[in-house]
>>> print(open('protein.txt').read())   # compact mmCIF, C-alpha atoms and all ligand atoms
# COMPACT_ATOMS: atom_id res chain seq x y z
CA MET A 275 148.98 114.67 110.67
CA LYS A 276 149.81 118.33 111.18
CA LEU A 277 147.29 120.91 112.31
CA GLY A 278 147.15 124.44 110.94
CA VAL A 279 144.85 126.70 112.96
CA ASN A 280 143.07 129.41 111.01
CA VAL A 281 142.50 132.41 113.30
CA ASP A 282 140.51 134.57 110.83
CA HIS A 283 137.38 134.52 112.95
CA VAL A 284 139.11 135.92 116.00
CA ALA A 285 139.66 138.96 113.79
CA THR A 286 136.04 138.77 112.54
CA LEU A 287 134.86 139.41 116.11
CA ARG A 288 137.30 142.29 116.52
CA GLN A 289 136.38 143.95 113.22
CA GLN A 290 132.70 143.68 114.07
CA ARG A 291 133.18 146.53 116.57
CA GLN A 292 136.53 147.95 115.36
CA THR A 293 138.05 147.24 118.78
CA ARG A 294 141.57 146.12 119.67
CA TYR A 295 140.29 142.78 120.98
CA PRO A 296 140.10 139.85 120.62
CA ASP A 297 143.55 139.77 119.08
CA PRO A 298 144.35 137.04 116.53
CA VAL A 299 148.03 137.50 117.33
CA VAL A 300 147.51 136.57 121.01
CA CYS A 301 145.30 133.64 119.94
CA SER A 302 147.98 132.48 117.50
CA LEU A 303 150.54 132.39 120.31
CA LEU A 304 148.13 130.37 122.46
CA ALA A 305 147.29 128.01 119.57
CA GLU A 306 150.99 127.35 119.12
CA TYR A 307 151.33 126.73 122.88
CA ALA A 308 148.41 124.26 122.59
CA GLY A 309 150.30 122.21 120.00
CA CYS A 310 149.31 123.28 116.51
CA ASP A 311 151.92 123.20 113.75
CA SER A 312 151.14 126.33 111.76
CA ILE A 313 149.00 129.46 111.81
CA VAL A 314 146.72 130.22 108.87
CA MET A 315 145.48 133.73 108.08
CA HIS A 316 143.50 134.89 105.06
CA LEU A 317 144.10 138.50 104.03
CA ARG A 318 140.89 139.13 102.13
CA GLU A 319 140.62 141.90 99.57
CA ASP A 320 137.83 143.54 101.63
CA ARG A 321 139.86 143.18 104.91
CA ARG A 322 136.77 141.83 106.65
CA HIS A 323 138.89 140.07 109.27
CA ILE A 324 142.69 139.77 109.11
CA GLN A 325 144.66 143.01 108.65
CA GLU A 326 148.25 143.52 107.48
CA ARG A 327 149.28 144.32 111.08
CA ASP A 328 148.14 140.85 112.24
CA LEU A 329 150.27 139.13 109.64
CA ARG A 330 153.37 141.23 110.35
CA LEU A 331 153.15 140.55 114.10
CA VAL A 332 152.45 136.82 113.77
CA LYS A 333 155.33 136.45 111.34
CA LYS A 334 157.66 138.12 113.88
CA ALA A 335 156.35 136.60 117.11
CA ILE A 336 155.44 133.02 116.33
CA PRO A 337 158.05 130.30 115.85
CA ILE A 338 155.86 128.02 113.69
CA PRO A 339 155.11 128.49 109.96
CA LEU A 340 152.71 131.20 108.85
CA ASN A 341 150.45 130.14 105.98
CA LEU A 342 148.96 133.17 104.23
CA GLU A 343 145.74 132.44 102.38
CA MET A 344 145.27 134.86 99.53
CA SER A 345 143.73 135.60 96.17
CA VAL A 346 145.80 136.47 93.10
CA ALA A 347 144.78 140.16 93.28
CA LYS A 348 147.76 142.42 92.51
CA GLU A 349 147.89 144.38 95.78
CA ILE A 350 147.58 141.18 97.86
CA VAL A 351 150.36 139.51 95.89
CA GLU A 352 152.60 142.57 96.35
CA PHE A 353 151.96 142.46 100.11
CA ALA A 354 152.76 138.72 100.25
CA LEU A 355 156.04 139.28 98.40
CA ARG A 356 157.03 141.90 100.98
CA LEU A 357 155.85 139.85 103.99
CA LYS A 358 157.53 136.60 102.85
CA PRO A 359 155.46 134.13 104.90
CA TYR A 360 156.63 130.52 105.06
CA GLN A 361 153.79 129.55 102.74
CA ALA A 362 151.08 131.16 100.67
CA THR A 363 147.91 129.28 99.76
CA LEU A 364 146.10 130.63 96.72
CA VAL A 365 142.32 130.54 97.00
CA PRO A 366 139.47 131.90 94.88
CA GLU A 367 137.80 134.92 96.41
CA LYS A 368 134.44 136.53 95.87
CA ARG A 369 133.40 139.71 97.68
CA LYS A 370 129.90 138.53 98.56
CA GLU A 371 130.70 135.01 99.79
CA LEU A 372 130.47 134.17 103.50
CA THR A 373 133.53 131.97 103.20
CA THR A 374 135.65 130.40 100.42
CA GLU A 375 133.09 128.49 98.38
CA GLY A 376 135.18 126.11 96.33
CA GLY A 377 138.62 125.37 94.98
CA LEU A 378 140.51 127.32 92.32
CA ASP A 379 139.77 126.45 88.72
CA LEU A 380 143.34 125.90 87.53
CA VAL A 381 142.27 125.09 83.97
CA LYS A 382 140.52 128.43 83.53
CA ASN A 383 143.06 130.47 85.52
CA TYR A 384 146.22 128.62 84.49
CA ASN A 385 148.29 131.61 83.32
CA LYS A 386 147.31 133.95 86.15
CA VAL A 387 147.95 131.35 88.87
CA LYS A 388 151.23 130.16 87.32
CA LYS A 389 152.58 133.71 87.23
CA VAL A 390 151.74 134.28 90.91
CA VAL A 391 153.19 130.89 91.95
CA GLU A 392 156.44 131.73 90.15
CA ARG A 393 156.65 135.16 91.80
CA LEU A 394 156.06 133.68 95.27
CA GLN A 395 158.60 130.92 94.72
CA SER A 396 161.20 133.43 93.48
CA LYS A 397 161.07 134.94 97.01
CA GLY A 398 161.41 131.52 98.68
CA ILE A 399 157.71 131.29 99.63
CA ARG A 400 156.16 127.81 99.36
CA ALA A 401 153.12 127.94 97.11
CA SER A 402 150.02 125.86 97.76
CA LEU A 403 146.87 125.70 95.62
CA PHE A 404 143.43 125.20 97.15
CA ILE A 405 141.52 122.91 94.79
CA ASP A 406 138.54 120.60 94.66
CA PRO A 407 139.32 116.86 94.86
CA ARG A 408 139.64 116.37 91.09
CA ILE A 409 142.45 114.61 89.28
CA ARG A 410 142.39 117.16 86.43
CA GLN A 411 142.97 120.04 88.87
CA ILE A 412 145.85 118.16 90.50
CA LYS A 413 147.48 117.58 87.10
CA TYR A 414 147.23 121.30 86.39
CA ALA A 415 148.70 122.12 89.84
CA LYS A 416 151.70 120.00 88.82
CA LYS A 417 152.00 121.78 85.47
CA ILE A 418 151.89 125.10 87.29
CA GLY A 419 154.81 123.98 89.47
CA ALA A 420 153.32 124.30 92.98
CA SER A 421 154.86 122.11 95.69
CA ASN A 422 151.70 121.81 97.79
CA ILE A 423 148.00 121.42 97.30
CA GLU A 424 145.14 121.80 99.76
CA ILE A 425 142.08 119.71 98.99
CA HIS A 426 138.73 121.40 99.58
CA THR A 427 136.75 119.25 102.03
CA GLY A 428 133.65 121.48 102.12
CA LYS A 429 131.40 119.18 100.08
CA PHE A 430 132.20 116.23 102.33
CA CYS A 431 131.58 118.29 105.46
CA ASP A 432 128.27 119.65 104.12
CA ALA A 433 126.98 116.32 102.75
CA LYS A 434 123.64 115.46 104.31
CA THR A 435 123.26 111.76 103.53
CA VAL A 436 125.42 108.73 104.32
CA ILE A 437 125.79 107.97 100.60
CA SER A 438 126.84 111.47 99.59
CA LYS A 439 129.26 111.64 102.53
CA LYS A 440 130.79 108.35 101.42
CA ASN A 441 131.06 109.52 97.80
CA GLU A 442 132.71 112.80 98.78
CA LEU A 443 135.14 110.99 101.10
CA THR A 444 136.11 108.63 98.28
CA LYS A 445 136.82 111.61 95.99
CA ILE A 446 139.05 113.17 98.67
CA LYS A 447 140.88 109.88 99.26
CA GLU A 448 141.51 109.25 95.55
CA ALA A 449 142.63 112.83 94.96
CA ALA A 450 144.97 112.78 97.98
CA ASN A 451 146.53 109.44 96.98
CA PHE A 452 147.11 110.63 93.41
CA ALA A 453 148.58 113.96 94.54
CA LYS A 454 150.91 112.30 97.05
CA LYS A 455 152.02 109.78 94.41
CA ILE A 456 153.09 112.55 92.04
CA GLY A 457 155.05 114.31 94.75
CA PHE A 458 152.77 116.90 96.36
CA PHE A 459 152.65 117.77 100.03
CA VAL A 460 148.91 117.28 100.55
CA ALA A 461 146.84 119.35 102.96
CA ALA A 462 143.07 119.51 103.29
CA GLY A 463 140.56 121.82 104.85
CA HIS A 464 137.29 123.72 104.97
CA GLY A 465 134.30 122.89 107.12
CA ILE A 466 136.15 120.39 109.32
CA ASP A 467 134.88 120.17 112.89
CA TYR A 468 135.18 117.95 115.97
CA GLU A 469 132.50 115.57 114.66
CA ASN A 470 133.59 115.05 111.06
CA VAL A 471 137.39 115.17 111.37
CA LYS A 472 138.05 111.47 112.06
CA PRO A 473 137.52 109.95 108.57
CA ILE A 474 139.59 112.73 106.96
CA ALA A 475 142.35 112.34 109.55
CA LYS A 476 142.56 108.63 108.65
CA ILE A 477 143.62 109.36 105.06
CA LYS A 478 147.35 108.68 105.13
CA ALA A 479 148.18 110.72 102.03
CA ILE A 480 146.96 113.90 103.75
CA GLU A 481 149.71 115.39 105.88
CA GLU A 482 148.03 118.53 107.22
CA LEU A 483 144.54 119.76 108.09
CA ASN A 484 143.76 123.48 108.19
CA ILE A 485 140.87 124.20 110.52
CA GLY A 486 139.40 127.51 111.61
CA HIS A 487 135.72 128.13 112.26
CA SER A 488 135.00 125.10 114.48
CA ILE A 489 138.06 125.67 116.68
CA ILE A 490 137.42 129.39 117.13
CA CYS A 491 133.73 128.71 117.88
CA ARG A 492 134.63 126.14 120.54
CA SER A 493 137.18 128.53 122.00
CA VAL A 494 134.40 131.01 122.82
CA ALA A 495 133.07 128.46 125.32
CA VAL A 496 136.20 126.72 126.59
CA GLY A 497 139.15 128.95 125.62
CA ILE A 498 141.55 128.68 122.72
CA VAL A 499 144.06 126.36 124.43
CA PRO A 500 141.58 123.56 125.29
CA ALA A 501 139.87 123.98 121.90
CA VAL A 502 143.15 123.49 120.01
CA GLU A 503 144.31 120.72 122.38
CA GLU A 504 141.13 118.77 121.75
CA MET A 505 141.60 118.95 117.97
CA VAL A 506 145.28 118.03 118.36
CA GLY A 507 144.11 114.96 120.30
CA LEU A 508 141.58 113.98 117.61
CA LEU A 509 144.38 114.05 115.02
CA GLY A 510 146.24 111.51 117.15
CA LYS A 511 149.13 113.85 117.72
CA LYS A 512 151.25 113.44 120.86
CA ARG A 513 152.21 116.59 122.76
N1 LIG A 601 141.53 126.11 104.11
C1 LIG A 601 141.20 127.11 103.28
C2 LIG A 601 141.93 127.21 101.98
C3 LIG A 601 140.22 128.06 103.61
O1 LIG A 601 139.90 129.04 102.74
C4 LIG A 601 139.60 127.98 104.86
C5 LIG A 601 138.62 129.03 105.27
O2 LIG A 601 139.26 130.26 105.43
C6 LIG A 601 139.98 126.93 105.72
C7 LIG A 601 140.93 126.00 105.32
C8 LIG A 601 139.36 126.76 107.06
O3 LIG A 601 138.01 126.50 106.92
P1 LIG A 601 137.07 126.45 108.20
O4 LIG A 601 137.09 127.83 108.79
O5 LIG A 601 135.76 126.05 107.66
O6 LIG A 601 137.67 125.44 109.14
>>> encode(input="protein.txt", output="structure tokens")
Amino acid sequence: MKLGVNVDHVATLRQQRQTRYPDPVVCSLLAEYAGCDSIVMHLREDRRHIQERDLRLVKKAIPIPLNLEMSVAKEIVEFALRLKPYQATLVPEKRKELTTEGGLDLVKNYNKVKKVVERLQSKGIRASLFIDPRIRQIKYAKKIGASNIEIHTGKFCDAKTVISKKNELTKIKEAANFAKKIGFFVAAGHGIDYENVKPIAKIKAIEELNIGHSIICRSVAVGIVPAVEEMVGLLGKKR
């Protein structure tokens, strides 16, 4: 199980006061030192956290893959094509949301997403699609020609009862198994923390978890290196 650390919220703190610190680039270097496998950054259309400068520096300075989360907005796509990160993960984006609220609807947005995936792939960028754990969405991801999917785990993480947690976990498991069987590299993420990670980490078809908020929150108390190391340990990874 690989761990991608999303450092968006380091930049959220910085942007709050328009200071130079804390720096998501420094935290990315430390997260890599602590044993994560990739760095995830979301360049939002409103630039509420990550800025172009952060992405350029991380791409140059950090020896592990950079996974750029992005919408299909024209100016963001143009930036991604110039940056050429190792991977781009397409996500839906709404200006007013606190965080990404759900997966892409690939049925509704088939043409738009396919066009962006093809453009990214033509520059050698791996394209991943962030989708809800639904077989229909996975079939459309295949039709679109993406190599990777990321399954949205938010509903599982937010579920309040044992039954709903179990139901959401089953959906994730079934979706991951189906996606793996038809050849996808399967990642998962959103809302994962130190308490709820174990059952997701046990799903063999999932090869990577992308985790941000919980790690950055813990790092405020203990520092980014111990916070990442602890998550690395929970994923059963050896350093
Ligand atoms: N994966 C995707 C596609 C996301 O949009 C996010 C949030 O930016 C994450 C993973 C990480 O979610 P969290 O911050 O809740 O761990």
>>> closest_atom_pairs(input="protein.txt", of="chain A", to="ligand LIG 601 (chain A)", cutoff="9 Å", atoms="all atoms listed in the file", output="tab-separated table")
residue	atom	partner	partner_atom	distance
A:Gly278	CA	A:LIG601	C7	8.5
A:Val279	CA	A:LIG601	C8	8.1
A:Asn280	CA	A:LIG601	C8	6.0
A:Val281	CA	A:LIG601	O4	8.4
A:Asp282	CA	A:LIG601	O2	7.0
A:His283	CA	A:LIG601	O4	7.9
A:Val314	CA	A:LIG601	C7	8.0
A:Met315	CA	A:LIG601	O2	7.6
A:His316	CA	A:LIG601	O2	6.3
A:Glu343	CA	A:LIG601	C2	6.5
A:Met344	CA	A:LIG601	O1	8.5
A:Thr363	CA	A:LIG601	C2	6.7
A:Leu364	CA	A:LIG601	C2	7.5
A:Val365	CA	A:LIG601	C2	6.0
A:Pro366	CA	A:LIG601	O1	8.4
A:Glu367	CA	A:LIG601	O1	8.9
A:Thr373	CA	A:LIG601	C5	6.2
A:Thr374	CA	A:LIG601	O1	5.0
A:Glu375	CA	A:LIG601	O1	8.1
A:Gly376	CA	A:LIG601	O1	8.5
A:Gly377	CA	A:LIG601	C2	8.0
A:Leu403	CA	A:LIG601	C2	8.2
A:Phe404	CA	A:LIG601	C2	5.4
A:Ile405	CA	A:LIG601	C2	8.4
A:Glu424	CA	A:LIG601	C2	6.7
A:Ile425	CA	A:LIG601	C2	8.1
A:His426	CA	A:LIG601	C2	7.1
A:Thr427	CA	A:LIG601	C7	8.6
A:Gly428	CA	A:LIG601	O5	7.5
A:Ala461	CA	A:LIG601	N1	8.7
A:Ala462	CA	A:LIG601	N1	6.8
A:Gly463	CA	A:LIG601	C7	4.2
A:His464	CA	A:LIG601	O3	3.5
A:Gly465	CA	A:LIG601	O5	3.5
A:Ile466	CA	A:LIG601	O6	5.3
A:Asp467	CA	A:LIG601	O6	7.0
A:Leu483	CA	A:LIG601	C7	7.7
A:Asn484	CA	A:LIG601	C7	4.8
A:Ile485	CA	A:LIG601	O6	3.7
A:Gly486	CA	A:LIG601	O6	3.7
A:His487	CA	A:LIG601	O4	3.7
A:Ser488	CA	A:LIG601	O6	6.0
A:Ile489	CA	A:LIG601	O6	7.6
A:Ile490	CA	A:LIG601	O4	8.5
>>> write_last_selection(input="protein.txt", atoms="C-alpha atoms", output="PDB file, in the frame of the given file")
ATOM      1  CA  GLY A 278     147.150 124.440 110.940  1.00  0.00           C
ATOM      2  CA  VAL A 279     144.850 126.700 112.960  1.00  0.00           C
ATOM      3  CA  ASN A 280     143.070 129.410 111.010  1.00  0.00           C
ATOM      4  CA  VAL A 281     142.500 132.410 113.300  1.00  0.00           C
ATOM      5  CA  ASP A 282     140.510 134.570 110.830  1.00  0.00           C
ATOM      6  CA  HIS A 283     137.380 134.520 112.950  1.00  0.00           C
ATOM      7  CA  VAL A 314     146.720 130.220 108.870  1.00  0.00           C
ATOM      8  CA  MET A 315     145.480 133.730 108.080  1.00  0.00           C
ATOM      9  CA  HIS A 316     143.500 134.890 105.060  1.00  0.00           C
ATOM     10  CA  GLU A 343     145.740 132.440 102.380  1.00  0.00           C
ATOM     11  CA  MET A 344     145.270 134.860  99.530  1.00  0.00           C
ATOM     12  CA  THR A 363     147.910 129.280  99.760  1.00  0.00           C
ATOM     13  CA  LEU A 364     146.100 130.630  96.720  1.00  0.00           C
ATOM     14  CA  VAL A 365     142.320 130.540  97.000  1.00  0.00           C
ATOM     15  CA  PRO A 366     139.470 131.900  94.880  1.00  0.00           C
ATOM     16  CA  GLU A 367     137.800 134.920  96.410  1.00  0.00           C
ATOM     17  CA  THR A 373     133.530 131.970 103.200  1.00  0.00           C
ATOM     18  CA  THR A 374     135.650 130.400 100.420  1.00  0.00           C
ATOM     19  CA  GLU A 375     133.090 128.490  98.380  1.00  0.00           C
ATOM     20  CA  GLY A 376     135.180 126.110  96.330  1.00  0.00           C
ATOM     21  CA  GLY A 377     138.620 125.370  94.980  1.00  0.00           C
ATOM     22  CA  LEU A 403     146.870 125.700  95.620  1.00  0.00           C
ATOM     23  CA  PHE A 404     143.430 125.200  97.150  1.00  0.00           C
ATOM     24  CA  ILE A 405     141.520 122.910  94.790  1.00  0.00           C
ATOM     25  CA  GLU A 424     145.140 121.800  99.760  1.00  0.00           C
ATOM     26  CA  ILE A 425     142.080 119.710  98.990  1.00  0.00           C
ATOM     27  CA  HIS A 426     138.730 121.400  99.580  1.00  0.00           C
ATOM     28  CA  THR A 427     136.750 119.250 102.030  1.00  0.00           C
ATOM     29  CA  GLY A 428     133.650 121.480 102.120  1.00  0.00           C
ATOM     30  CA  ALA A 461     146.840 119.350 102.960  1.00  0.00           C
ATOM     31  CA  ALA A 462     143.070 119.510 103.290  1.00  0.00           C
ATOM     32  CA  GLY A 463     140.560 121.820 104.850  1.00  0.00           C
ATOM     33  CA  HIS A 464     137.290 123.720 104.970  1.00  0.00           C
ATOM     34  CA  GLY A 465     134.300 122.890 107.120  1.00  0.00           C
ATOM     35  CA  ILE A 466     136.150 120.390 109.320  1.00  0.00           C
ATOM     36  CA  ASP A 467     134.880 120.170 112.890  1.00  0.00           C
ATOM     37  CA  LEU A 483     144.540 119.760 108.090  1.00  0.00           C
ATOM     38  CA  ASN A 484     143.760 123.480 108.190  1.00  0.00           C
ATOM     39  CA  ILE A 485     140.870 124.200 110.520  1.00  0.00           C
ATOM     40  CA  GLY A 486     139.400 127.510 111.610  1.00  0.00           C
ATOM     41  CA  HIS A 487     135.720 128.130 112.260  1.00  0.00           C
ATOM     42  CA  SER A 488     135.000 125.100 114.480  1.00  0.00           C
ATOM     43  CA  ILE A 489     138.060 125.670 116.680  1.00  0.00           C
ATOM     44  CA  ILE A 490     137.420 129.390 117.130  1.00  0.00           C
TER      45      ILE A 490
END
>>> closest_atom_pairs(input="protein.txt", of="region 283-325 of chain A", to="region 348-362 of chain A", cutoff="9 Å", atoms="only C-alpha atoms", output="JSON lines")
{"residue": "A:Leu317", "atom": "CA", "partner": "A:Ile350", "partner_atom": "CA", "distance": 7.6}
{"residue": "A:Arg318", "atom": "CA", "partner": "A:Ile350", "partner_atom": "CA", "distance": 8.2}
{"residue": "A:Glu319", "atom": "CA", "partner": "A:Ile350", "partner_atom": "CA", "distance": 7.2}
>>> write_last_selection(input="protein.txt", atoms="C-alpha atoms", output="mmCIF file, in the coordinates of the input")
data_model
loop_
_atom_site.group_PDB
_atom_site.id
_atom_site.type_symbol
_atom_site.label_atom_id
_atom_site.label_comp_id
_atom_site.auth_asym_id
_atom_site.auth_seq_id
_atom_site.Cartn_x
_atom_site.Cartn_y
_atom_site.Cartn_z
ATOM 1 C CA LEU A 317 144.100 138.500 104.030
ATOM 2 C CA ARG A 318 140.890 139.130 102.130
ATOM 3 C CA GLU A 319 140.620 141.900 99.570
#
>>> residues_around(input="protein.txt", residues="Ile446 (chain A)", least_positions_apart="6", cutoff="10 Å", atoms="only C-alpha atoms", output="compact mmCIF listing (two decimals) with C-alpha atoms, in the coordinates of the input")
# COMPACT_ATOMS: atom_id res chain seq x y z
CA ASP A 406 138.54 120.60 94.66
CA PRO A 407 139.32 116.86 94.86
CA ARG A 408 139.64 116.37 91.09
CA ILE A 425 142.08 119.71 98.99
CA HIS A 426 138.73 121.40 99.58
CA THR A 427 136.75 119.25 102.03
CA LYS A 429 131.40 119.18 100.08
CA PHE A 430 132.20 116.23 102.33
CA LYS A 440 130.79 108.35 101.42
CA PHE A 452 147.11 110.63 93.41
CA ALA A 462 143.07 119.51 103.29
CA ILE A 474 139.59 112.73 106.96
CA ILE A 477 143.62 109.36 105.06
CA ILE A 480 146.96 113.90 103.75
>>> atom_distance(input="protein.txt", atom1="CA of Ile409 (chain A)", atom2="CA of Glu481 (chain A)")
18.1 Å
>>> closest_residue(input="protein.txt", among="A:Leu277, A:Lys413, A:Lys334, A:Gly457", to="Leu508 (chain A)", atoms="all atoms listed in the file")
A:Leu277
>>> closest_residue(input="protein.txt", among="A:Arg400, A:Lys276, A:Arg294, A:His323", to="Cys310 (chain A)", atoms="all atoms listed in the file")
A:Lys276
>>> residues_around(input="protein.txt", residues="Leu380 (chain A)", least_positions_apart="2", cutoff="9 Å", atoms="all atoms listed in the file", output="list in words")
Gly377, Leu378, Lys382, Asn383, Tyr384, Asn385, Val387, Lys388, Leu403, Ile405, Arg410, Gln411, Ile412, Tyr414, Ala415 and Ile418 of chain A
>>> closest_residue(input="protein.txt", among="A:Glu448, A:Asp311, A:Asp379, A:Asp297", to="Met275 (chain A)", atoms="all atoms listed in the file")
A:Asp311
>>> residues_near_point(input="protein.txt", point="(143.5, 117.7, 120.5)", cutoff="12 Å", atoms="all atoms listed in the file", output="list in words")
Met275, Lys276, Leu277, Val279, Ala305, Ala308, Gly309, Cys310, Asp467, Tyr468, Val471, Lys472, Ile489, Ile498, Val499, Pro500, Ala501, Val502, Glu503, Glu504, Met505, Val506, Gly507, Leu508, Leu509, Gly510, Lys511, Lys512 and Arg513 of chain A
>>> atom_distance(input="protein.txt", atom1="CA of Asp328 (chain A)", atom2="CA of Val299 (chain A)")
6.1 Å
>>> atom_distance(input="protein.txt", atom1="CA of Ala450 (chain A)", atom2="CA of Ile324 (chain A)")
29.3 Å
>>> decode(input="protein.txt", residues="region 425-441 of chain A", atoms="N, CA and C atoms", output="CSV table (one decimal), in the first residue's frame")
chain,number,residue,atom,x,y,z
A,425,ILE,N,-10.8,6.0,-5.8
A,425,ILE,CA,-12.1,5.8,-5.3
A,425,ILE,C,-12.4,6.8,-4.1
A,426,HIS,N,-13.5,7.5,-4.1
A,426,HIS,CA,-13.9,8.5,-3.1
A,426,HIS,C,-14.3,7.7,-1.9
A,427,THR,N,-13.6,7.9,-0.7
A,427,THR,CA,-13.9,7.2,0.5
A,427,THR,C,-14.7,8.0,1.5
A,428,GLY,N,-15.1,9.2,1.1
A,428,GLY,CA,-15.7,10.2,2.0
A,428,GLY,C,-17.0,9.7,2.7
A,429,LYS,N,-17.8,8.9,1.9
A,429,LYS,CA,-19.1,8.5,2.5
A,429,LYS,C,-18.8,7.5,3.6
A,430,PHE,N,-17.8,6.6,3.4
A,430,PHE,CA,-17.4,5.6,4.4
A,430,PHE,C,-16.9,6.3,5.6
A,431,CYS,N,-16.0,7.3,5.4
A,431,CYS,CA,-15.4,8.0,6.5
A,431,CYS,C,-16.4,8.8,7.3
A,432,ASP,N,-17.4,9.3,6.7
A,432,ASP,CA,-18.4,10.1,7.4
A,432,ASP,C,-19.6,9.3,7.9
A,433,ALA,N,-19.7,8.0,7.6
A,433,ALA,CA,-20.8,7.2,8.0
A,433,ALA,C,-20.9,7.2,9.6
A,434,LYS,N,-22.1,7.3,10.1
A,434,LYS,CA,-22.2,7.5,11.5
A,434,LYS,C,-22.6,6.1,12.2
A,435,THR,N,-23.2,5.2,11.5
A,435,THR,CA,-23.6,4.0,12.2
A,435,THR,C,-22.8,2.8,11.6
A,436,VAL,N,-22.8,1.7,12.5
A,436,VAL,CA,-22.0,0.5,12.1
A,436,VAL,C,-22.5,0.0,10.8
A,437,ILE,N,-23.8,-0.1,10.6
A,437,ILE,CA,-24.4,-0.6,9.4
A,437,ILE,C,-24.0,0.2,8.1
A,438,SER,N,-24.1,1.6,8.3
A,438,SER,CA,-23.8,2.4,7.1
A,438,SER,C,-22.3,2.3,6.8
A,439,LYS,N,-21.5,2.2,7.8
A,439,LYS,CA,-20.1,2.1,7.6
A,439,LYS,C,-19.8,0.8,6.8
A,440,LYS,N,-20.5,-0.3,7.3
A,440,LYS,CA,-20.2,-1.6,6.6
A,440,LYS,C,-20.7,-1.6,5.2
A,441,ASN,N,-21.9,-0.9,4.9
A,441,ASN,CA,-22.4,-0.8,3.6
A,441,ASN,C,-21.4,-0.1,2.7
